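Q: If it helps, the file is called upload.tsv and holds TSV, C-alpha atoms:
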chain	number	residue	atom	x	y	z
R	248	MET	CA	-59.66	75.36	2.07
R	249	THR	CA	-60.61	72.26	3.98
R	250	GLY	CA	-58.35	69.27	3.52
R	251	SER	CA	-59.61	65.79	2.84
R	252	TYR	CA	-59.14	63.12	5.49
R	253	TYR	CA	-59.30	59.36	5.24
R	254	PHE	CA	-59.58	57.47	8.53
R	255	ALA	CA	-58.93	53.75	8.93
R	256	LEU	CA	-59.30	51.76	12.12
R	257	VAL	CA	-57.13	48.66	12.05
R	258	GLY	CA	-57.51	45.94	14.66
R	259	GLY	CA	-54.82	44.17	16.62
R	260	SER	CA	-54.32	41.48	14.01
R	261	ASP	CA	-53.87	44.10	11.27
R	262	ARG	CA	-57.39	43.57	10.08
R	263	PRO	CA	-59.21	46.72	8.88
R	264	LEU	CA	-62.34	47.23	10.92
R	265	LEU	CA	-63.55	50.60	9.78
R	266	GLU	CA	-62.77	53.14	7.11
R	267	THR	CA	-64.41	56.46	6.47
R	268	GLU	CA	-63.60	59.75	4.79
R	269	PHE	CA	-64.24	63.39	5.42
R	270	ASN	CA	-64.31	66.10	2.77
R	271	GLN	CA	-63.40	63.80	-0.06
R	272	ARG	CA	-63.27	65.98	-3.14
R	273	ARG	CA	-61.97	63.86	-5.96
R	274	GLU	CA	-62.97	60.58	-7.58
R	275	LYS	CA	-63.66	57.17	-6.11
R	276	GLU	CA	-60.13	56.04	-6.96
R	277	GLN	CA	-58.95	58.13	-4.09
R	278	ARG	CA	-60.44	55.83	-1.50
R	279	HIS	CA	-58.53	52.83	-2.85
R	280	LEU	CA	-55.33	54.84	-2.94
R	281	CYS	CA	-55.80	56.04	0.62
R	282	GLN	CA	-56.50	52.52	1.79
R	283	LEU	CA	-53.30	51.32	0.15
R	284	ILE	CA	-51.26	54.15	1.64
R	285	ALA	CA	-52.68	53.62	5.11
R	286	HIS	CA	-51.90	49.92	5.19
R	287	ALA	CA	-48.49	50.37	3.63
R	288	SER	CA	-47.54	52.65	6.48
R	289	LEU	CA	-48.27	50.02	9.13
R	290	ASP	CA	-44.64	48.88	9.24
R	291	LEU	CA	-43.40	52.38	9.88
R	292	LEU	CA	-46.15	52.83	12.43
R	293	GLU	CA	-44.98	49.80	14.37
R	294	ALA	CA	-41.36	50.88	14.17
R	295	ARG	CA	-42.28	54.28	15.55
R	296	ALA	CA	-44.41	52.68	18.26
R	297	ARG	CA	-41.48	50.65	19.55
R	298	ALA	CA	-39.53	53.82	20.11
R	299	THR	CA	-42.06	55.57	22.31
R	300	SER	CA	-44.71	54.83	24.90
R	301	GLN	CA	-46.96	57.64	23.70
R	302	CYS	CA	-50.25	56.74	22.09
R	303	PHE	CA	-50.36	59.55	19.57
R	304	LEU	CA	-47.60	58.84	17.05
R	305	LYS	CA	-48.01	62.06	15.06
R	306	SER	CA	-46.81	61.83	11.50
R	307	VAL	CA	-45.41	58.40	10.66
R	308	ASP	CA	-45.11	58.57	6.90
R	309	ARG	CA	-45.48	60.65	3.77
R	310	PHE	CA	-46.55	59.71	0.27
R	311	ASN	CA	-46.39	62.47	-2.36
R	312	GLU	CA	-48.78	65.03	-1.02
R	313	TRP	CA	-50.37	62.75	1.61
R	314	HIS	CA	-49.40	62.79	5.25
R	315	ILE	CA	-50.08	59.78	7.42
R	316	SER	CA	-50.68	60.29	11.14
R	317	ALA	CA	-51.34	57.50	13.56
R	318	TYR	CA	-52.49	56.63	17.05
R	319	LEU	CA	-51.89	53.32	18.78
R	320	THR	CA	-54.18	52.31	21.64
R	321	PRO	CA	-52.83	50.34	24.62
R	322	GLY	CA	-55.04	47.50	23.44
R	323	GLY	CA	-53.24	47.33	20.11
R	324	ALA	CA	-55.77	48.93	17.77
R	325	LYS	CA	-54.35	51.37	15.25
R	326	PHE	CA	-56.03	54.55	14.09
R	327	ILE	CA	-54.60	55.80	10.81
R	328	MET	CA	-55.37	59.14	9.21
R	329	VAL	CA	-54.33	59.90	5.63
R	330	HIS	CA	-54.65	63.59	4.97
R	331	ASP	CA	-53.31	66.19	2.60
R	332	GLN	CA	-53.11	69.09	5.04
R	333	ILE	CA	-51.03	69.21	8.17
R	334	ASN	CA	-53.42	69.79	11.08
R	335	GLU	CA	-51.88	68.05	14.07
R	336	ASP	CA	-54.23	69.43	16.72
R	337	ALA	CA	-57.43	68.46	14.98
R	338	VAL	CA	-56.08	65.01	14.16
R	339	ARG	CA	-54.90	64.47	17.74
R	340	ASN	CA	-58.26	65.56	19.18
R	341	PHE	CA	-60.08	63.40	16.67
R	342	PHE	CA	-57.99	60.37	17.68
R	343	GLN	CA	-58.59	60.98	21.36
R	344	ASP	CA	-62.34	61.29	20.93
R	345	VAL	CA	-62.45	58.18	18.78
R	346	ASN	CA	-60.37	56.37	21.41
R	347	ASP	CA	-63.02	57.18	24.01
R	348	ILE	CA	-65.85	55.73	21.98
R	349	TRP	CA	-63.66	52.83	20.83
R	350	LEU	CA	-63.08	51.91	24.47
R	351	ARG	CA	-66.80	52.01	25.08
R	352	LEU	CA	-67.32	49.71	22.11
R	353	ARG	CA	-64.70	47.29	23.42
R	354	LEU	CA	-66.49	47.14	26.76
R	355	ASN	CA	-69.75	46.29	25.02
R	356	PRO	CA	-70.33	42.54	25.52
R	357	PHE	CA	-71.90	42.27	22.07
R	358	TYR	CA	-68.71	43.32	20.38
R	359	ASN	CA	-66.17	40.56	19.71
R	360	PRO	CA	-62.60	41.76	20.13
R	361	ASP	CA	-61.07	42.40	16.70
R	362	GLY	CA	-64.34	41.52	15.04
R	363	GLU	CA	-66.27	43.38	12.39
R	364	ILE	CA	-67.90	46.54	13.70
R	365	LYS	CA	-71.65	46.29	13.24
R	366	ASN	CA	-72.56	48.79	15.91
R	367	LYS	CA	-74.42	51.58	14.09
R	368	SER	CA	-74.17	53.99	16.99
R	369	PHE	CA	-70.39	53.76	16.92
R	370	LEU	CA	-70.24	54.43	13.19
R	371	LEU	CA	-72.50	57.44	13.51
R	372	ARG	CA	-70.43	58.82	16.36
R	373	VAL	CA	-67.20	58.50	14.40
R	374	ARG	CA	-68.74	60.50	11.56
R	375	ALA	CA	-70.02	63.12	14.00
R	376	ILE	CA	-66.57	63.53	15.57
R	377	GLY	CA	-64.98	63.87	12.16
R	378	GLN	CA	-67.46	66.47	11.10
R	379	ARG	CA	-66.78	68.42	14.26
R	380	TYR	CA	-63.04	68.58	13.69
R	381	PHE	CA	-62.68	68.52	9.94
R	382	GLY	CA	-65.57	70.68	8.82
R	383	SER	CA	-68.52	69.65	6.75
R	384	ALA	CA	-68.43	66.30	5.00
B	262	MET	CA	-62.59	35.71	58.82
B	263	GLU	CA	-61.93	38.18	56.01
B	264	SER	CA	-64.88	39.77	54.33
B	265	TYR	CA	-65.76	38.84	50.80
B	266	THR	CA	-67.17	41.14	48.18
B	267	LEU	CA	-70.52	40.51	46.59
B	268	PHE	CA	-68.80	39.17	43.51
B	269	GLU	CA	-66.66	36.75	45.47
B	270	TYR	CA	-69.71	35.17	47.07
B	271	PHE	CA	-71.31	34.96	43.66
B	272	HIS	CA	-68.21	33.44	42.12
B	273	ASN	CA	-67.93	30.81	44.83
B	274	GLU	CA	-71.47	29.66	44.07
B	275	LEU	CA	-71.02	29.85	40.32
B	276	ALA	CA	-67.80	27.83	40.38
B	277	ASN	CA	-69.56	25.01	42.16
B	278	TRP	CA	-72.86	25.26	40.31
B	279	LYS	CA	-74.35	21.95	39.30
B	280	GLY	CA	-76.20	23.52	36.40
B	281	PHE	CA	-73.21	23.16	34.10
B	282	GLY	CA	-73.86	19.48	33.83
B	283	ALA	CA	-71.62	16.56	34.54
B	284	ASP	CA	-68.91	17.41	32.03
B	285	LYS	CA	-66.16	18.95	34.11
B	286	ASP	CA	-64.13	20.15	31.12
B	287	GLU	CA	-67.03	22.04	29.67
B	288	HIS	CA	-67.69	23.57	33.06
B	289	ILE	CA	-64.15	24.82	33.28
B	290	SER	CA	-63.98	26.09	29.72
B	291	ILE	CA	-67.22	28.07	30.06
B	292	LEU	CA	-65.95	29.76	33.20
B	293	GLU	CA	-62.63	30.43	31.51
B	294	ASP	CA	-64.34	32.01	28.50
B	295	ILE	CA	-66.35	34.30	30.71
B	296	GLY	CA	-63.18	35.27	32.57
B	297	TYR	CA	-61.49	35.94	29.24
B	298	LYS	CA	-64.11	38.43	28.09
B	299	VAL	CA	-64.21	40.12	31.48
B	300	GLY	CA	-60.41	40.28	31.60
B	301	ILE	CA	-60.27	42.04	28.23
B	302	SER	CA	-62.81	44.68	29.21
B	303	LEU	CA	-61.33	45.18	32.66
B	304	CYS	CA	-57.81	45.56	31.39
B	305	GLU	CA	-58.78	47.91	28.56
B	306	ASN	CA	-60.54	50.12	31.02
B	307	MET	CA	-57.68	50.05	33.49
B	308	CYS	CA	-55.05	50.94	30.92
B	309	LYS	CA	-56.84	53.57	28.94
B	310	ASP	CA	-55.03	56.52	30.49
B	311	ARG	CA	-51.67	54.90	31.03
B	312	PRO	CA	-48.79	55.11	28.58
B	313	ARG	CA	-48.36	51.97	26.51
B	314	PHE	CA	-46.13	49.18	27.77
B	315	LYS	CA	-42.87	48.72	25.95
B	316	GLU	CA	-41.56	45.45	27.29
B	317	GLU	CA	-43.30	42.13	27.89
B	318	VAL	CA	-41.85	42.06	31.38
B	319	ASP	CA	-43.49	45.40	32.17
B	320	VAL	CA	-46.84	43.94	31.20
B	321	LEU	CA	-46.32	40.96	33.49
B	322	ARG	CA	-45.24	43.19	36.35
B	323	PHE	CA	-48.35	45.28	35.90
B	324	LEU	CA	-50.36	42.05	35.99
B	325	CYS	CA	-48.76	40.92	39.24
B	326	ARG	CA	-49.27	44.19	40.99
B	327	ASP	CA	-52.05	46.44	39.78
B	328	PHE	CA	-54.24	43.86	38.12
B	329	TRP	CA	-53.85	41.38	40.97
B	330	GLU	CA	-54.73	44.16	43.47
B	331	LEU	CA	-57.87	44.99	41.60
B	332	CYS	CA	-59.09	41.46	41.03
B	333	PHE	CA	-57.75	39.51	43.95
B	334	ARG	CA	-57.20	42.23	46.53
B	335	ARG	CA	-53.51	41.57	47.10
B	336	SER	CA	-50.30	41.52	45.09
B	337	ALA	CA	-48.94	38.26	43.79
B	338	ASN	CA	-46.04	36.83	45.75
B	339	SER	CA	-43.53	36.26	43.02
B	340	LEU	CA	-42.94	36.46	39.32
B	341	LYS	CA	-40.38	34.23	37.65
B	342	THR	CA	-39.37	34.00	34.04
B	343	ASP	CA	-37.13	31.94	31.84
B	344	ASN	CA	-36.71	34.91	29.47
B	345	ALA	CA	-38.09	32.83	26.62
B	346	GLY	CA	-41.75	33.72	26.95
B	347	THR	CA	-42.71	31.63	29.97
B	348	TYR	CA	-43.64	33.27	33.26
B	349	VAL	CA	-44.67	31.78	36.58
B	350	ILE	CA	-46.71	33.81	39.03
B	351	GLN	CA	-47.09	32.48	42.54
B	352	ASP	CA	-49.67	33.51	45.05
B	353	SER	CA	-49.59	31.92	48.47
B	354	GLU	CA	-53.11	32.94	49.43
B	355	PHE	CA	-55.15	33.01	46.29
B	356	ARG	CA	-58.46	34.75	46.73
B	357	THR	CA	-60.81	32.25	45.17
B	358	LEU	CA	-59.23	29.39	47.09
B	359	THR	CA	-59.43	30.88	50.57
B	360	ALA	CA	-63.00	29.68	50.98
B	361	LEU	CA	-61.90	26.06	50.61
B	362	SER	CA	-60.28	24.55	53.66
B	363	SER	CA	-56.60	23.80	53.35
B	364	GLY	CA	-55.62	20.18	53.06
B	365	LYS	CA	-56.05	17.53	50.42
B	366	GLN	CA	-59.79	17.06	50.56
B	367	PHE	CA	-60.82	19.70	48.04
B	368	LEU	CA	-57.80	19.56	45.77
B	369	THR	CA	-59.75	17.96	42.91
B	370	ASP	CA	-62.38	20.69	43.08
B	371	ALA	CA	-59.84	23.49	43.03
B	372	PRO	CA	-59.63	23.80	39.18
B	373	LYS	CA	-63.26	24.94	39.10
B	374	PHE	CA	-62.36	27.87	41.29
B	375	LEU	CA	-59.37	28.74	39.18
B	376	ALA	CA	-60.98	28.66	35.75
B	377	TYR	CA	-62.38	32.17	35.93
B	378	PRO	CA	-59.10	33.71	37.20
B	379	CYS	CA	-57.18	31.96	34.43
B	380	GLY	CA	-59.55	33.49	31.93
B	381	LEU	CA	-59.12	36.89	33.54
B	382	LEU	CA	-55.37	36.69	33.08
B	383	ARG	CA	-55.63	35.47	29.51
B	384	GLY	CA	-58.03	38.31	28.70
B	385	ALA	CA	-55.86	40.91	30.39
B	386	LEU	CA	-52.84	39.78	28.38
B	387	PHE	CA	-54.87	39.85	25.18
B	388	ALA	CA	-55.98	43.40	25.92
B	389	LEU	CA	-52.31	44.32	26.15
B	390	THR	CA	-51.61	42.65	22.80
B	391	LEU	CA	-50.07	39.44	24.12
B	392	ASN	CA	-51.52	36.07	23.16
B	393	ALA	CA	-50.90	33.56	25.89
B	394	HIS	CA	-51.77	30.19	27.37
B	395	VAL	CA	-52.55	30.37	31.06
B	396	THR	CA	-52.51	27.24	33.19
B	397	VAL	CA	-52.54	26.85	36.93
B	398	GLU	CA	-51.23	24.33	39.40
B	399	VAL	CA	-52.39	23.81	42.95
B	400	THR	CA	-50.53	21.51	45.28
B	401	GLN	CA	-51.62	23.06	48.53
B	402	ILE	CA	-54.73	25.14	49.06
B	403	PRO	CA	-54.70	28.17	49.09
B	404	ALA	CA	-51.41	28.57	47.22
B	405	ALA	CA	-51.67	28.74	43.43
B	406	LYS	CA	-49.02	28.76	40.76
B	407	PHE	CA	-49.98	30.30	37.41
B	408	LYS	CA	-47.94	29.45	34.36
B	409	ILE	CA	-48.15	31.89	31.45
B	410	ASP	CA	-46.79	30.97	28.03
B	411	ILE	CA	-46.63	33.88	25.66
B	412	LEU	CA	-47.31	32.68	22.12
B	413	ARG	CA	-45.17	34.26	19.47
B	414	LYS	CA	-46.90	35.37	16.27
Reformat the file's structure so that it appears as structure tokens.

A:
Amino acid sequence: MTGSYYFALVGGSDRPLLETEFNQRREKEQRHLCQLIAHASLDLLEARARATSQCFLKSVDRFNEWHISAYLTPGGAKFIMVHDQINEDAVRNFFQDVNDIWLRLRLNPFYNPDGEIKNKSFLLRVRAIGQRYFGSA
Amino acid sequence: MESYTLFEYFHNELANWKGFGADKDEHISILEDIGYKVGISLCENMCKDRPRFKEEVDVLRFLCRDFWELCFRRSANSLKTDNAGTYVIQDSEFRTLTALSSGKQFLTDAPKFLAYPCGLLRGALFALTLNAHVTVEVTQIPAAKFKIDILRK
């Protein structure tokens, strides 16, 4: 049974830059709930980040049946994953692959730091990475 | 006579380029903006495989050593702080100033050669999640004194 995953990419000034889901089974309401959960866990994320110099922060929070895992890049961008199944390896690999393409996006002179992501290639790649690790969308 | 890299020759010409027009402030702010964007990209790339920095002071130390080595081919001479968010970095032989002869003659032109490095530092700090004001003071070429004010959110 494949779990459902909601991924949010939050910029340095806590501004959401990207959100996407994989294997979403239930209704549309779920996306709003996941968005709320992800942003509510930002405080805990930052508290956890102060305690370690690792990038992958593993599980930072729980809400009912949802687990929240996070990854903080050296540049200050936060990757948040809200998921209902514990799958640390896949989530960690997903974060690392997204970090690679995120870095490439940051180096792109057409991308303004902390700005809205309009780069289609980046969005497609994020979806492809998710599909690779979390099964079919 | 030390050898310059391709970029350093280019930068020396760019800093003195008449094409910016007569407005000196605009000249300096354009160069600073370019330095800012380059600094962000450079720093992001440099730090991608390192563990994150915990303390502000660690970030500044990294700036004085590794970043300075990469950009200016030497380490900065000294780093001072007042522990309230202000840091002073001194470099007695700053790279972009070595082409100008020492003495008072070119002191007024020195800011043009320091705009891009200021931007680089500001960008590097931004890439490490610190917002800062970077200013620089030159009293004797080629020594430069950079003052960094970290802005609190």

Q: Rank R:Leu352, R:Leu371, R:Val345, R:Ile327 by their smallest atom-to-atom distance to R:Val257, using only C-alpha atoms, and report the top residue only.

A: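 Counting only C-alpha atoms, the residue closest to R:Val257 is R:Ile327.
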
Q: Within 8 Å of chain B, which residues belong to chain R? Use all atoms listed in the file and report them as JSON, numbers by chain.

A: {"R": [259, 297, 299, 300, 301, 302, 320, 321, 322, 323, 350, 353, 354, 356]}

Q: Can you pull out every residue within 8 Å of R:Trp313, counting all atoms listed in the file, but drop anything in the same chain fewer than 3 positions away, and send it as a list of chain:residue names?

A: R:Arg309, R:Phe310, R:Val329, R:His330, R:Asp331, R:Gln332

Q: With all atoms listed in the file as the counted atoms, please give the residues lying no more than 9 Å from B:Tyr377, apart from itself and same-chain residues fewer than 5 positions off, as a list of chain:residue names.

A: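 My list of contacting residues is B:His272, B:Ala276, B:Ile289, B:Ser290, B:Ile291, B:Leu292, B:Glu293, B:Asp294, B:Ile295, B:Gly296, B:Tyr297, B:Leu382.
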
Q: Do you have the atom CA of B:Tyr348-atom CA of B:Leu321 distance handy?

A: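 It comes out at 8.1 Å.
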
Q: Could you tell me how far atom CA of B:Asn338 sits from atom CA of B:Arg356, in Å to one decimal place?

A: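 Distance between the two atoms: 12.6 Å.
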
Q: Which residue, B:Leu368, B:Asn392, B:Glu287, B:Gly384, has the smallest gap to R:Ser260 when you use all atoms listed in the file?

A: B:Asn392

Q: Given the choices B:Arg335, B:Asp352, B:Ala360, B:Phe328, which gets closest to B:Gly300 if the distance is worked out from only C-alpha atoms?

A: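 For B:Gly300, the nearest of the given residues is B:Phe328.
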
Q: What is the atom CA of B:Leu331-atom CA of B:Met307 distance in Å, reported with one decimal?

A: 9.6 Å

Q: If you count all atoms listed in the file, which residues fall within 8 Å of B:Phe374, apart from same-chain ones fewer than 6 positions away, as a list in words?

A: Asn273, Ala276, Asn277, Thr357 and Leu358 of chain B

Q: So which residues touch R:Ser306 within 12 Å, counting all atoms listed in the file, skipping near sequence neighbours fewer than 2 positions away, as a list in words?

A: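 Selected residues are Ala285, Ser288, Leu291, Leu292, Arg295, Ala296, Phe303, Leu304, Asp308, Arg309, Phe310, Trp313, His314, Ile315, Ser316, Ala317, Tyr318, Ile327, Met328, Val329, His330, Asp331, Gln332, Ile333, Asn334, Glu335, Asp336, Val338 and Arg339 of chain R.
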
Q: Could you write out the selected residues, including C-alpha atoms, as an mmCIF file, in the frame of the given file?

A:
data_model
loop_
_atom_site.group_PDB
_atom_site.id
_atom_site.type_symbol
_atom_site.label_atom_id
_atom_site.label_comp_id
_atom_site.auth_asym_id
_atom_site.auth_seq_id
_atom_site.Cartn_x
_atom_site.Cartn_y
_atom_site.Cartn_z
ATOM 1 C CA ALA R 285 -52.680 53.620 5.110
ATOM 2 C CA SER R 288 -47.540 52.650 6.480
ATOM 3 C CA LEU R 291 -43.400 52.380 9.880
ATOM 4 C CA LEU R 292 -46.150 52.830 12.430
ATOM 5 C CA ARG R 295 -42.280 54.280 15.550
ATOM 6 C CA ALA R 296 -44.410 52.680 18.260
ATOM 7 C CA PHE R 303 -50.360 59.550 19.570
ATOM 8 C CA LEU R 304 -47.600 58.840 17.050
ATOM 9 C CA ASP R 308 -45.110 58.570 6.900
ATOM 10 C CA ARG R 309 -45.480 60.650 3.770
ATOM 11 C CA PHE R 310 -46.550 59.710 0.270
ATOM 12 C CA TRP R 313 -50.370 62.750 1.610
ATOM 13 C CA HIS R 314 -49.400 62.790 5.250
ATOM 14 C CA ILE R 315 -50.080 59.780 7.420
ATOM 15 C CA SER R 316 -50.680 60.290 11.140
ATOM 16 C CA ALA R 317 -51.340 57.500 13.560
ATOM 17 C CA TYR R 318 -52.490 56.630 17.050
ATOM 18 C CA ILE R 327 -54.600 55.800 10.810
ATOM 19 C CA MET R 328 -55.370 59.140 9.210
ATOM 20 C CA VAL R 329 -54.330 59.900 5.630
ATOM 21 C CA HIS R 330 -54.650 63.590 4.970
ATOM 22 C CA ASP R 331 -53.310 66.190 2.600
ATOM 23 C CA GLN R 332 -53.110 69.090 5.040
ATOM 24 C CA ILE R 333 -51.030 69.210 8.170
ATOM 25 C CA ASN R 334 -53.420 69.790 11.080
ATOM 26 C CA GLU R 335 -51.880 68.050 14.070
ATOM 27 C CA ASP R 336 -54.230 69.430 16.720
ATOM 28 C CA VAL R 338 -56.080 65.010 14.160
ATOM 29 C CA ARG R 339 -54.900 64.470 17.740
#

Q: When you count only C-alpha atoms, which of these residues is closest to R:Gly382: R:Ala298, R:Ala337, R:Ile348, R:Leu264?

A: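 Answer, going by the shortest atom-to-atom distance: R:Ala337.
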
Q: Between R:Asn311, R:Lys305, R:Lys367, R:Glu268, which one has atoms that come closest to R:Ile284, using only C-alpha atoms?

A: R:Asn311

Q: Identify which of the residues B:Ser353, B:Ser336, B:Thr396, B:Thr347 lies closest to B:Ala376, counting only C-alpha atoms when measuring atom-to-atom distances.

A: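 Among the listed residues, B:Thr396 lies closest to B:Ala376.
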